[in-house]
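entry09.cif, holding mmCIF, C-alpha atoms:
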data_structure
loop_
_atom_site.group_PDB
_atom_site.id
_atom_site.type_symbol
_atom_site.label_atom_id
_atom_site.label_comp_id
_atom_site.auth_asym_id
_atom_site.auth_seq_id
_atom_site.Cartn_x
_atom_site.Cartn_y
_atom_site.Cartn_z
ATOM 1 C CA MET S 1 -22.447 21.876 12.242
ATOM 2 C CA THR S 2 -20.907 20.200 9.196
ATOM 3 C CA ALA S 3 -21.360 16.420 9.275
ATOM 4 C CA PRO S 4 -18.262 14.191 9.493
ATOM 5 C CA VAL S 5 -16.929 12.671 6.264
ATOM 6 C CA THR S 6 -15.581 9.111 6.108
ATOM 7 C CA VAL S 7 -13.385 7.748 3.317
ATOM 8 C CA ARG S 8 -12.471 4.081 2.855
ATOM 9 C CA VAL S 9 -9.035 3.362 1.349
ATOM 10 C CA PRO S 10 -7.514 0.028 0.242
ATOM 11 C CA ALA S 11 -4.237 -1.731 0.894
ATOM 12 C CA LYS S 12 -2.027 -2.696 -2.044
ATOM 13 C CA VAL S 13 0.164 -5.549 -3.107
ATOM 14 C CA ASN S 14 2.968 -5.157 -5.624
ATOM 15 C CA VAL S 15 2.636 -7.990 -8.118
ATOM 16 C CA GLN S 16 5.809 -6.706 -9.755
ATOM 17 C CA LEU S 17 8.361 -4.426 -8.156
ATOM 18 C CA ALA S 18 11.286 -3.862 -10.500
ATOM 19 C CA VAL S 19 13.851 -1.520 -8.952
ATOM 20 C CA GLY S 20 16.467 0.457 -10.817
ATOM 21 C CA ALA S 21 19.724 1.892 -9.490
ATOM 22 C CA ALA S 22 19.662 4.738 -6.993
ATOM 23 C CA ARG S 23 19.128 8.147 -8.595
ATOM 24 C CA PRO S 24 21.036 11.297 -7.592
ATOM 25 C CA ASP S 25 18.020 12.357 -5.472
ATOM 26 C CA GLY S 26 18.208 9.100 -3.516
ATOM 27 C CA PHE S 27 15.073 7.596 -5.016
ATOM 28 C CA HIS S 28 15.018 4.633 -7.407
ATOM 29 C CA ASP S 29 13.275 4.401 -10.766
ATOM 30 C CA LEU S 30 10.628 1.691 -10.589
ATOM 31 C CA ALA S 31 8.363 -0.442 -12.693
ATOM 32 C CA ASN S 32 5.811 -1.024 -9.972
ATOM 33 C CA VAL S 33 2.647 -2.977 -10.785
ATOM 34 C CA PHE S 34 0.132 -2.162 -8.064
ATOM 35 C CA LEU S 35 -2.979 -4.186 -7.286
ATOM 36 C CA ALA S 36 -5.418 -2.827 -4.693
ATOM 37 C CA VAL S 37 -6.712 -5.479 -2.300
ATOM 38 C CA GLY S 38 -9.783 -5.641 -0.105
ATOM 39 C CA LEU S 39 -8.212 -4.701 3.232
ATOM 40 C CA TYR S 40 -9.199 -1.163 4.187
ATOM 41 C CA ASP S 41 -8.499 1.727 6.515
ATOM 42 C CA GLU S 42 -11.202 4.335 7.118
ATOM 43 C CA VAL S 43 -10.369 7.998 7.634
ATOM 44 C CA THR S 44 -13.053 10.215 9.181
ATOM 45 C CA ALA S 45 -12.734 14.000 8.995
ATOM 46 C CA THR S 46 -14.680 16.084 11.533
ATOM 47 C CA PRO S 47 -14.665 19.876 12.020
ATOM 48 C CA SER S 48 -12.261 20.975 14.750
ATOM 49 C CA ASP S 49 -10.619 24.123 16.064
ATOM 50 C CA THR S 50 -7.189 22.635 15.386
ATOM 51 C CA LEU S 51 -5.553 19.759 13.498
ATOM 52 C CA ARG S 52 -5.528 16.579 15.534
ATOM 53 C CA ILE S 53 -5.141 12.848 14.804
ATOM 54 C CA THR S 54 -6.628 9.866 16.618
ATOM 55 C CA ALA S 55 -6.548 6.197 15.667
ATOM 56 C CA GLU S 56 -7.955 2.807 16.564
ATOM 57 C CA GLY S 57 -7.167 -0.750 15.491
ATOM 58 C CA HIS S 58 -4.169 -3.080 15.406
ATOM 59 C CA ASP S 59 -0.733 -1.600 16.152
ATOM 60 C CA VAL S 60 -1.874 2.023 16.331
ATOM 61 C CA ASP S 61 0.741 2.485 19.039
ATOM 62 C CA GLN S 62 3.261 2.269 16.180
ATOM 63 C CA ILE S 63 1.906 5.242 14.212
ATOM 64 C CA PRO S 64 2.502 8.911 15.075
ATOM 65 C CA LEU S 65 -0.500 10.885 16.274
ATOM 66 C CA ASP S 66 1.031 14.285 15.554
ATOM 67 C CA ARG S 67 1.753 16.356 12.467
ATOM 68 C CA THR S 68 4.355 13.877 11.240
ATOM 69 C CA ASN S 69 1.512 11.473 10.407
ATOM 70 C CA LEU S 70 1.105 11.362 6.628
ATOM 71 C CA ALA S 71 -2.656 11.968 6.973
ATOM 72 C CA ALA S 72 -1.959 15.168 8.926
ATOM 73 C CA ARG S 73 0.529 16.267 6.275
ATOM 74 C CA ALA S 74 -2.146 15.621 3.637
ATOM 75 C CA ALA S 75 -4.611 17.883 5.462
ATOM 76 C CA GLU S 76 -1.975 20.614 5.779
ATOM 77 C CA LEU S 77 -1.041 20.347 2.114
ATOM 78 C CA LEU S 78 -4.651 20.612 0.917
ATOM 79 C CA ALA S 79 -5.372 23.511 3.284
ATOM 80 C CA ALA S 80 -2.269 25.392 2.131
ATOM 81 C CA ARG S 81 -3.275 24.870 -1.501
ATOM 82 C CA HIS S 82 -6.620 26.569 -0.815
ATOM 83 C CA GLY S 83 -5.425 29.221 1.640
ATOM 84 C CA ILE S 84 -7.316 27.929 4.675
ATOM 85 C CA GLU S 85 -6.377 26.639 8.106
ATOM 86 C CA PRO S 86 -6.061 22.828 8.446
ATOM 87 C CA ASN S 87 -8.587 22.670 11.268
ATOM 88 C CA VAL S 88 -9.815 19.090 11.250
ATOM 89 C CA HIS S 89 -9.978 16.060 13.498
ATOM 90 C CA LEU S 90 -8.829 13.027 11.503
ATOM 91 C CA HIS S 91 -9.736 9.661 13.014
ATOM 92 C CA ILE S 92 -8.062 6.639 11.412
ATOM 93 C CA ALA S 93 -9.594 3.188 11.821
ATOM 94 C CA LYS S 94 -6.689 0.871 10.944
ATOM 95 C CA ASP S 95 -7.194 -2.511 9.338
ATOM 96 C CA ILE S 96 -4.204 -2.416 6.934
ATOM 97 C CA PRO S 97 -1.059 -3.804 8.610
ATOM 98 C CA VAL S 98 1.157 -1.029 10.005
ATOM 99 C CA ALA S 99 4.633 -0.739 8.417
ATOM 100 C CA GLY S 100 3.834 -3.924 6.530
ATOM 101 C CA GLY S 101 4.632 -3.060 2.915
ATOM 102 C CA MET S 102 0.942 -2.644 2.021
ATOM 103 C CA ALA S 103 0.880 1.183 1.872
ATOM 104 C CA GLY S 104 -1.222 1.730 4.987
ATOM 105 C CA GLY S 105 0.236 5.158 5.700
ATOM 106 C CA SER S 106 -0.117 6.142 2.046
ATOM 107 C CA ALA S 107 -3.732 4.967 2.087
ATOM 108 C CA ASP S 108 -4.429 7.155 5.112
ATOM 109 C CA ALA S 109 -2.919 10.165 3.346
ATOM 110 C CA ALA S 110 -5.084 9.618 0.266
ATOM 111 C CA GLY S 111 -8.116 9.121 2.493
ATOM 112 C CA ALA S 112 -7.387 12.326 4.400
ATOM 113 C CA LEU S 113 -7.069 14.324 1.166
ATOM 114 C CA LEU S 114 -10.424 13.107 -0.137
ATOM 115 C CA ALA S 115 -12.159 13.466 3.237
ATOM 116 C CA CYS S 116 -10.863 16.993 3.864
ATOM 117 C CA ASP S 117 -11.724 18.063 0.317
ATOM 118 C CA ALA S 118 -15.315 16.960 0.940
ATOM 119 C CA LEU S 119 -15.472 18.385 4.489
ATOM 120 C CA TRP S 120 -14.090 21.786 3.472
ATOM 121 C CA SER S 121 -15.915 21.869 0.097
ATOM 122 C CA THR S 122 -12.685 22.885 -1.603
ATOM 123 C CA GLY S 123 -13.743 21.320 -4.917
ATOM 124 C CA THR S 124 -10.278 20.021 -5.772
ATOM 125 C CA SER S 125 -10.147 18.286 -9.149
ATOM 126 C CA ARG S 126 -9.192 14.638 -9.457
ATOM 127 C CA ASP S 127 -6.003 15.542 -11.321
ATOM 128 C CA GLU S 128 -4.988 18.040 -8.640
ATOM 129 C CA LEU S 129 -5.671 15.496 -5.896
ATOM 130 C CA ILE S 130 -3.366 13.050 -7.671
ATOM 131 C CA THR S 131 -0.686 15.754 -7.920
ATOM 132 C CA LEU S 132 -1.000 16.419 -4.182
ATOM 133 C CA CYS S 133 -0.794 12.683 -3.537
ATOM 134 C CA ALA S 134 2.503 12.512 -5.425
ATOM 135 C CA GLU S 135 3.908 15.327 -3.275
ATOM 136 C CA LEU S 136 3.129 13.251 -0.174
ATOM 137 C CA GLY S 137 4.723 9.972 -1.267
ATOM 138 C CA SER S 138 5.365 7.499 -4.045
ATOM 139 C CA ASP S 139 2.499 5.116 -3.137
ATOM 140 C CA VAL S 140 -0.124 7.753 -2.275
ATOM 141 C CA PRO S 141 -1.462 8.342 -5.826
ATOM 142 C CA PHE S 142 -2.276 4.651 -6.239
ATOM 143 C CA SER S 143 -4.094 4.587 -2.900
ATOM 144 C CA LEU S 144 -6.397 7.240 -4.323
ATOM 145 C CA VAL S 145 -7.092 5.550 -7.669
ATOM 146 C CA GLY S 146 -7.046 1.825 -6.699
ATOM 147 C CA GLY S 147 -7.752 -0.998 -9.135
ATOM 148 C CA ALA S 148 -4.541 -1.939 -10.915
ATOM 149 C CA ALA S 149 -1.854 0.340 -12.304
ATOM 150 C CA LEU S 150 1.726 0.492 -13.486
ATOM 151 C CA GLY S 151 3.732 3.031 -11.506
ATOM 152 C CA ARG S 152 6.785 4.538 -13.191
ATOM 153 C CA GLY S 153 9.259 7.161 -11.951
ATOM 154 C CA ARG S 154 9.477 6.471 -8.212
ATOM 155 C CA GLY S 155 6.026 4.842 -8.488
ATOM 156 C CA GLU S 156 3.891 7.977 -8.633
ATOM 157 C CA LEU S 157 3.380 8.150 -12.430
ATOM 158 C CA LEU S 158 0.416 5.844 -12.948
ATOM 159 C CA THR S 159 -1.012 4.056 -15.970
ATOM 160 C CA PRO S 160 -4.243 2.126 -15.248
ATOM 161 C CA LEU S 161 -4.124 -1.572 -16.153
ATOM 162 C CA PRO S 162 -6.969 -3.901 -17.175
ATOM 163 C CA VAL S 163 -7.700 -6.866 -14.909
ATOM 164 C CA GLY S 164 -9.756 -9.730 -16.289
ATOM 165 C CA GLY S 165 -10.919 -11.413 -13.100
ATOM 166 C CA THR S 166 -10.702 -11.658 -9.331
ATOM 167 C CA PHE S 167 -7.475 -12.755 -7.655
ATOM 168 C CA HIS S 168 -7.491 -14.290 -4.184
ATOM 169 C CA TRP S 169 -4.772 -13.630 -1.619
ATOM 170 C CA VAL S 170 -3.633 -14.476 1.874
ATOM 171 C CA PHE S 171 -1.440 -11.986 3.712
ATOM 172 C CA ALA S 172 0.688 -13.114 6.632
ATOM 173 C CA VAL S 173 1.234 -10.292 9.123
ATOM 174 C CA ALA S 174 4.622 -10.344 10.824
ATOM 175 C CA ASP S 175 5.531 -9.134 14.293
ATOM 176 C CA GLY S 176 6.930 -5.634 14.014
ATOM 177 C CA GLY S 177 7.483 -3.579 10.887
ATOM 178 C CA LEU S 178 10.246 -2.928 8.394
ATOM 179 C CA SER S 179 11.395 0.551 7.443
ATOM 180 C CA THR S 180 11.031 1.125 3.696
ATOM 181 C CA PRO S 181 14.144 3.378 3.561
ATOM 182 C CA ALA S 182 16.116 0.680 5.408
ATOM 183 C CA VAL S 183 15.042 -1.950 2.886
ATOM 184 C CA TYR S 184 16.107 0.269 -0.017
ATOM 185 C CA ARG S 185 19.464 0.889 1.676
ATOM 186 C CA GLU S 186 19.916 -2.854 2.008
ATOM 187 C CA PHE S 187 18.964 -3.268 -1.673
ATOM 188 C CA ASP S 188 21.686 -0.744 -2.541
ATOM 189 C CA ARG S 189 24.205 -2.626 -0.392
ATOM 190 C CA LEU S 190 23.352 -6.016 -1.886
ATOM 191 C CA THR S 191 23.519 -4.724 -5.470
ATOM 192 C CA ALA S 192 26.501 -2.378 -5.052
ATOM 193 C CA ASP S 193 28.795 -4.337 -7.370
ATOM 194 C CA THR S 194 26.229 -5.450 -9.939
ATOM 195 C CA HIS S 195 24.733 -3.977 -13.078
ATOM 196 C CA ILE S 196 21.127 -3.009 -12.439
ATOM 197 C CA PRO S 197 19.033 -2.847 -15.631
ATOM 198 C CA ALA S 198 16.428 -0.168 -16.192
ATOM 199 C CA PRO S 199 13.166 -1.400 -14.658
ATOM 200 C CA GLU S 200 10.497 -2.559 -17.106
ATOM 201 C CA ALA S 201 7.050 -4.048 -16.626
ATOM 202 C CA SER S 202 6.845 -7.744 -17.439
ATOM 203 C CA PRO S 203 4.715 -8.387 -20.559
ATOM 204 C CA ALA S 204 3.822 -11.856 -19.215
ATOM 205 C CA LEU S 205 2.587 -10.359 -15.951
ATOM 206 C CA LEU S 206 0.484 -7.710 -17.677
ATOM 207 C CA THR S 207 -1.050 -10.404 -19.886
ATOM 208 C CA ALA S 208 -1.800 -12.559 -16.832
ATOM 209 C CA LEU S 209 -3.548 -9.657 -15.106
ATOM 210 C CA GLU S 210 -5.639 -8.908 -18.164
ATOM 211 C CA SER S 211 -6.619 -12.568 -18.582
ATOM 212 C CA GLY S 212 -7.514 -13.012 -14.912
ATOM 213 C CA ASP S 213 -5.510 -16.254 -14.796
ATOM 214 C CA PRO S 214 -4.075 -16.820 -11.292
ATOM 215 C CA ILE S 215 -1.706 -19.580 -12.418
ATOM 216 C CA ALA S 216 -0.189 -17.339 -15.095
ATOM 217 C CA LEU S 217 0.029 -14.467 -12.616
ATOM 218 C CA ALA S 218 1.725 -16.721 -10.053
ATOM 219 C CA ALA S 219 4.413 -17.570 -12.591
ATOM 220 C CA SER S 220 5.114 -13.869 -13.181
ATOM 221 C CA LEU S 221 5.233 -12.318 -9.695
ATOM 222 C CA THR S 222 8.568 -10.664 -8.807
ATOM 223 C CA ASN S 223 9.836 -8.305 -6.133
ATOM 224 C CA ASP S 224 13.376 -6.933 -6.440
ATOM 225 C CA LEU S 225 13.226 -5.796 -2.792
ATOM 226 C CA GLN S 226 12.590 -9.327 -1.495
ATOM 227 C CA PRO S 227 16.286 -10.270 -1.045
ATOM 228 C CA ALA S 228 16.833 -7.076 0.956
ATOM 229 C CA ALA S 229 13.764 -7.691 3.129
ATOM 230 C CA LEU S 230 14.874 -11.286 3.768
ATOM 231 C CA SER S 231 18.376 -10.080 4.606
ATOM 232 C CA LEU S 232 16.978 -7.750 7.256
ATOM 233 C CA ARG S 233 14.327 -10.221 8.464
ATOM 234 C CA PRO S 234 15.533 -13.797 7.736
ATOM 235 C CA SER S 235 12.539 -15.282 9.592
ATOM 236 C CA LEU S 236 10.302 -14.311 6.668
ATOM 237 C CA ALA S 237 11.721 -17.236 4.679
ATOM 238 C CA ALA S 238 9.945 -19.652 7.012
ATOM 239 C CA THR S 239 6.654 -17.799 6.501
ATOM 240 C CA LEU S 240 7.019 -17.956 2.717
ATOM 241 C CA ALA S 241 7.786 -21.679 2.921
ATOM 242 C CA ALA S 242 4.818 -22.387 5.219
ATOM 243 C CA GLY S 243 2.318 -20.726 2.892
ATOM 244 C CA THR S 244 3.702 -22.442 -0.182
ATOM 245 C CA ALA S 245 3.641 -25.820 1.560
ATOM 246 C CA ALA S 246 -0.014 -25.200 2.461
ATOM 247 C CA GLY S 247 -0.982 -24.894 -1.202
ATOM 248 C CA ALA S 248 -0.403 -21.302 -2.283
ATOM 249 C CA LEU S 249 0.366 -20.923 -5.980
ATOM 250 C CA THR S 250 3.279 -18.675 -5.097
ATOM 251 C CA ALA S 251 4.527 -16.422 -2.341
ATOM 252 C CA LEU S 252 6.467 -13.173 -2.099
ATOM 253 C CA VAL S 253 7.250 -10.352 0.261
ATOM 254 C CA SER S 254 4.711 -7.548 -0.183
ATOM 255 C CA GLY S 255 6.571 -4.401 -1.227
ATOM 256 C CA SER S 256 9.275 -3.632 1.331
ATOM 257 C CA GLY S 257 7.753 -6.119 3.785
ATOM 258 C CA PRO S 258 7.504 -7.616 6.289
ATOM 259 C CA THR S 259 3.986 -8.697 5.289
ATOM 260 C CA THR S 260 4.159 -11.719 2.979
ATOM 261 C CA ALA S 261 1.619 -12.321 0.210
ATOM 262 C CA PHE S 262 0.325 -15.658 -1.048
ATOM 263 C CA LEU S 263 -1.601 -15.946 -4.303
ATOM 264 C CA VAL S 264 -4.128 -18.787 -4.254
ATOM 265 C CA LYS S 265 -6.526 -20.187 -6.833
ATOM 266 C CA ASP S 266 -9.885 -19.649 -5.090
ATOM 267 C CA PRO S 267 -11.579 -18.622 -1.790
ATOM 268 C CA GLU S 268 -11.453 -22.164 -0.358
ATOM 269 C CA SER S 269 -7.721 -22.352 -0.981
ATOM 270 C CA ALA S 270 -7.366 -18.959 0.709
ATOM 271 C CA ARG S 271 -9.128 -20.267 3.819
ATOM 272 C CA GLN S 272 -6.908 -23.348 3.943
ATOM 273 C CA VAL S 273 -3.659 -21.422 3.473
ATOM 274 C CA ALA S 274 -4.685 -18.829 6.069
ATOM 275 C CA GLU S 275 -5.457 -21.541 8.610
ATOM 276 C CA ALA S 276 -2.135 -23.252 7.942
ATOM 277 C CA LEU S 277 -0.216 -19.998 8.336
ATOM 278 C CA GLU S 278 -2.019 -19.140 11.575
ATOM 279 C CA THR S 279 -1.012 -22.472 13.078
ATOM 280 C CA SER S 280 2.520 -22.510 11.637
ATOM 281 C CA GLY S 281 4.002 -20.215 14.244
ATOM 282 C CA THR S 282 5.748 -18.230 11.503
ATOM 283 C CA CYS S 283 3.509 -15.141 11.577
ATOM 284 C CA ARG S 284 1.279 -13.211 13.933
ATOM 285 C CA SER S 285 -1.905 -13.527 11.883
ATOM 286 C CA ALA S 286 -3.174 -14.255 8.375
ATOM 287 C CA ARG S 287 -5.679 -12.175 6.427
ATOM 288 C CA VAL S 288 -7.725 -13.169 3.378
ATOM 289 C CA ALA S 289 -8.543 -10.589 0.690
ATOM 290 C CA ALA S 290 -9.456 -10.341 -2.985
ATOM 291 C CA SER S 291 -8.329 -7.974 -5.713
ATOM 292 C CA PRO S 292 -8.684 -5.688 -7.523
ATOM 293 C CA ALA S 293 -10.378 -3.305 -5.086
ATOM 294 C CA PRO S 294 -11.617 0.237 -5.671
ATOM 295 C CA GLY S 295 -9.536 3.231 -4.643
ATOM 296 C CA ALA S 296 -10.366 5.855 -2.020
ATOM 297 C CA MET S 297 -14.132 6.140 -1.717
ATOM 298 C CA LEU S 298 -16.479 8.445 0.169
ATOM 299 C CA LEU S 299 -18.825 6.435 2.367
ATOM 300 C CA GLN S 300 -22.366 7.717 2.562
ATOM 301 C CA PRO S 301 -23.614 8.348 6.117
#
Spell out the structure here as structure tokens.
Amino acid sequence: MTAPVTVRVPAKVNVQLAVGAARPDGFHDLANVFLAVGLYDEVTATPSDTLRITAEGHDVDQIPLDRTNLAARAAELLAARHGIEPNVHLHIAKDIPVAGGMAGGSADAAGALLACDALWSTGTSRDELITLCAELGSDVPFSLVGGAALGRGRGELLTPLPVGGTFHWVFAVADGGLSTPAVYREFDRLTADTHIPAPEASPALLTALESGDPIALAASLTNDLQPAALSLRPSLAATLAAGTAAGALTALVSGSGPTTAFLVKDPESARQVAEALETSGTCRSARVAASPAPGAMLLQP
């Protein structure tokens, strides 16, 4: 019997999320600077007589365990590309916050693609895997490649970026999730009567990443979706304030939220900010992680 295959996939934080006006297809053009962080899901693919999904970890009751799961769709897409049946048991061990703006579902899809490719020996090229990722969702290609990258288009067109050091983060996990489409709809509502410029990557932010300077990076972080996330979940403002008061260099909503991200100067500062957030009553839990992190990776048995 073919041995199971396990793939580890990272979470992401958007250190810049510049959002353009809605396009005719409903998507938005983005300048999306991704940074992979050291919080991981693991996707294990095992031979099966049908496609099935199981999961363990925090908040797995909030994810679908049927063919609407993005990991299941990834298996079906890869199988269809190679003319085979998507017979696989995918087990997802969740450690990335669910519906938290850290691309957990996208990570699982990228992990499923890589795991099924190895399990089925389909020999799919890296470029073709990235193309399949883009068919599944805007954040999925970055979950495969990891590190740091600028995403253009709706976020799926990636340019790798140099990072000159390690950045330390604390992530405050909120109760409940936020729907990404709902946050974009709120962005559209809030900006309906304003001119929205074409999104561009910040030169100062790219320089800060390349230099590895957390203070310079803190001065450059932006998220155009933050006002919309705060409009839908006003309680996040108290979380942002608590982390900043505890010594974070800066704070922002991660992607579409509701996870909030706090950039700190070093591991000791991360510990202190995490402890303060945990006792603040403004979030469910706080997680410490460093970046950049590698993309989807096969784990050796």
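When only C-alpha atoms are used to measure the gap to Leu136 (chain S), the shortest distance among S:Ala110, S:Ala276, S:Ala93, S:Ala103 belongs to S:Ala110.
Atom to atom, CA of Gly26 (chain S) and CA of Val140 (chain S) stand 18.4 Å apart.
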If you count only C-alpha atoms, which residues fall within 12 Å of Leu190 (chain S), apart from same-chain ones fewer than 6 positions away, as an mmCIF file with C-alpha atoms, keeping the file's coordinate frame?
data_model
loop_
_atom_site.group_PDB
_atom_site.id
_atom_site.type_symbol
_atom_site.label_atom_id
_atom_site.label_comp_id
_atom_site.auth_asym_id
_atom_site.auth_seq_id
_atom_site.Cartn_x
_atom_site.Cartn_y
_atom_site.Cartn_z
ATOM 1 C CA ALA S 21 19.724 1.892 -9.490
ATOM 2 C CA VAL S 183 15.042 -1.950 2.886
ATOM 3 C CA TYR S 184 16.107 0.269 -0.017
ATOM 4 C CA ILE S 196 21.127 -3.009 -12.439
ATOM 5 C CA ASP S 224 13.376 -6.933 -6.440
ATOM 6 C CA LEU S 225 13.226 -5.796 -2.792
ATOM 7 C CA GLN S 226 12.590 -9.327 -1.495
ATOM 8 C CA PRO S 227 16.286 -10.270 -1.045
ATOM 9 C CA ALA S 228 16.833 -7.076 0.956
ATOM 10 C CA ALA S 229 13.764 -7.691 3.129
ATOM 11 C CA LEU S 230 14.874 -11.286 3.768
ATOM 12 C CA SER S 231 18.376 -10.080 4.606
ATOM 13 C CA LEU S 232 16.978 -7.750 7.256
#
Given 3 Å of margin on each side, can you work out the centre and size in Å (one decimal) of an axis-aligned box holding every listed atom of region 64-82 of chain S, as AutoDock Vina command-line options?
--center_x -1.1 --center_y 17.7 --center_z 7.4 --size_x 17.0 --size_y 23.7 --size_z 23.8
Which residues come within 12 Å of Ala286 (chain S), counting all atoms listed in the file, excluding same-chain residues fewer than 6 positions away, as JSON, numbers by chain?
{"S": [39, 96, 97, 169, 170, 171, 172, 173, 174, 175, 239, 242, 243, 259, 260, 261, 262, 270, 271, 272, 273, 274, 275, 276, 277, 278, 279, 280]}
Find the residue from S:Asp95, S:Glu135, S:Glu42, S:Glu210 that sits nearest to Arg73 (chain S); use only C-alpha atoms when measuring.
S:Glu135
When the PyMOL selection byres ((chain S and resi 37) around 8) is applied to the structure above, which residues does it catch, written out as a VMD selection string?
chain S and resid 10 to 13 35 to 36 38 to 39 289 to 293
Take the residues from that selection and put them in a file with C-alpha atoms, as an mmCIF file, in the coordinates of the input.
data_model
loop_
_atom_site.group_PDB
_atom_site.id
_atom_site.type_symbol
_atom_site.label_atom_id
_atom_site.label_comp_id
_atom_site.auth_asym_id
_atom_site.auth_seq_id
_atom_site.Cartn_x
_atom_site.Cartn_y
_atom_site.Cartn_z
ATOM 1 C CA PRO S 10 -7.514 0.028 0.242
ATOM 2 C CA ALA S 11 -4.237 -1.731 0.894
ATOM 3 C CA LYS S 12 -2.027 -2.696 -2.044
ATOM 4 C CA VAL S 13 0.164 -5.549 -3.107
ATOM 5 C CA LEU S 35 -2.979 -4.186 -7.286
ATOM 6 C CA ALA S 36 -5.418 -2.827 -4.693
ATOM 7 C CA GLY S 38 -9.783 -5.641 -0.105
ATOM 8 C CA LEU S 39 -8.212 -4.701 3.232
ATOM 9 C CA ALA S 289 -8.543 -10.589 0.690
ATOM 10 C CA ALA S 290 -9.456 -10.341 -2.985
ATOM 11 C CA SER S 291 -8.329 -7.974 -5.713
ATOM 12 C CA PRO S 292 -8.684 -5.688 -7.523
ATOM 13 C CA ALA S 293 -10.378 -3.305 -5.086
#
So, counting all atoms listed in the file, which residue among S:Leu157, S:Ala99, S:Leu65, S:Cys116 is closest to Asp29 (chain S)?
S:Leu157
Local residues around (-3.8, 14.2, -5.3), at most 12 Å away, using all atoms listed in the file, as a ChimeraX atom specification:
/S:74-75,77-78,81,106-107,109-117,124-145,156-157,296
Residues picked by the PyMOL selection byres ((chain S and resi 152) around 10) here, as a list in words?
Ala18, Asp29, Leu30, Ala31, Asn32, Val33, Ser138, Ala149, Leu150, Gly151, Gly153, Arg154, Gly155, Glu156, Leu157, Leu158, Thr159, Pro199, Glu200 and Ala201 of chain S
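Evaluated against this file, the PyMOL selection byres ((chain S and resi 59) around 10) yields Ala55, Glu56, Gly57, His58, Val60, Asp61, Gln62, Ile63, Lys94, Asp95, Ile96, Pro97, Val98, Ala99, Asp175, Gly176 and Gly177 of chain S.
For the pair CA of Arg8 (chain S) and CA of Gly165 (chain S), the separation is 22.3 Å.
One finds CA of Leu209 (chain S) at 8.2 Å from CA of Leu161 (chain S).
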Near Leu205 (chain S), counting all atoms listed in the file, which residues have an atom at most 8 Å away, once you skip same-chain residues fewer than 5 positions from it, shown as a list in words?
Gln16, Ala216, Leu217, Ser220 and Leu221 of chain S
Of S:Pro4, S:Gly83, S:Pro214, S:Pro234, the one nearest to Val43 (chain S) when counting all atoms listed in the file is S:Pro4
For Thr54 (chain S), please output as a list in words all residues within 9 Å (counting all atoms listed in the file; exclusion window: fewer than 3 positions along the same chain).
Leu65, Asp66, His89, Leu90, His91, Ile92 and Ala93 of chain S
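All residues that come within 7 Å of the coordinates (-15.7, 15.8, 10.2), counting only C-alpha atoms, are given as Thr2, Ala3, Pro4, Val5, Thr44, Ala45, Thr46, Pro47, Val88, His89 and Leu119 of chain S.
Using only C-alpha atoms, the nearest neighbour of Asn223 (chain S) within the list S:Gly147, S:Pro197, S:Gly123, S:Gly255 is S:Gly255.
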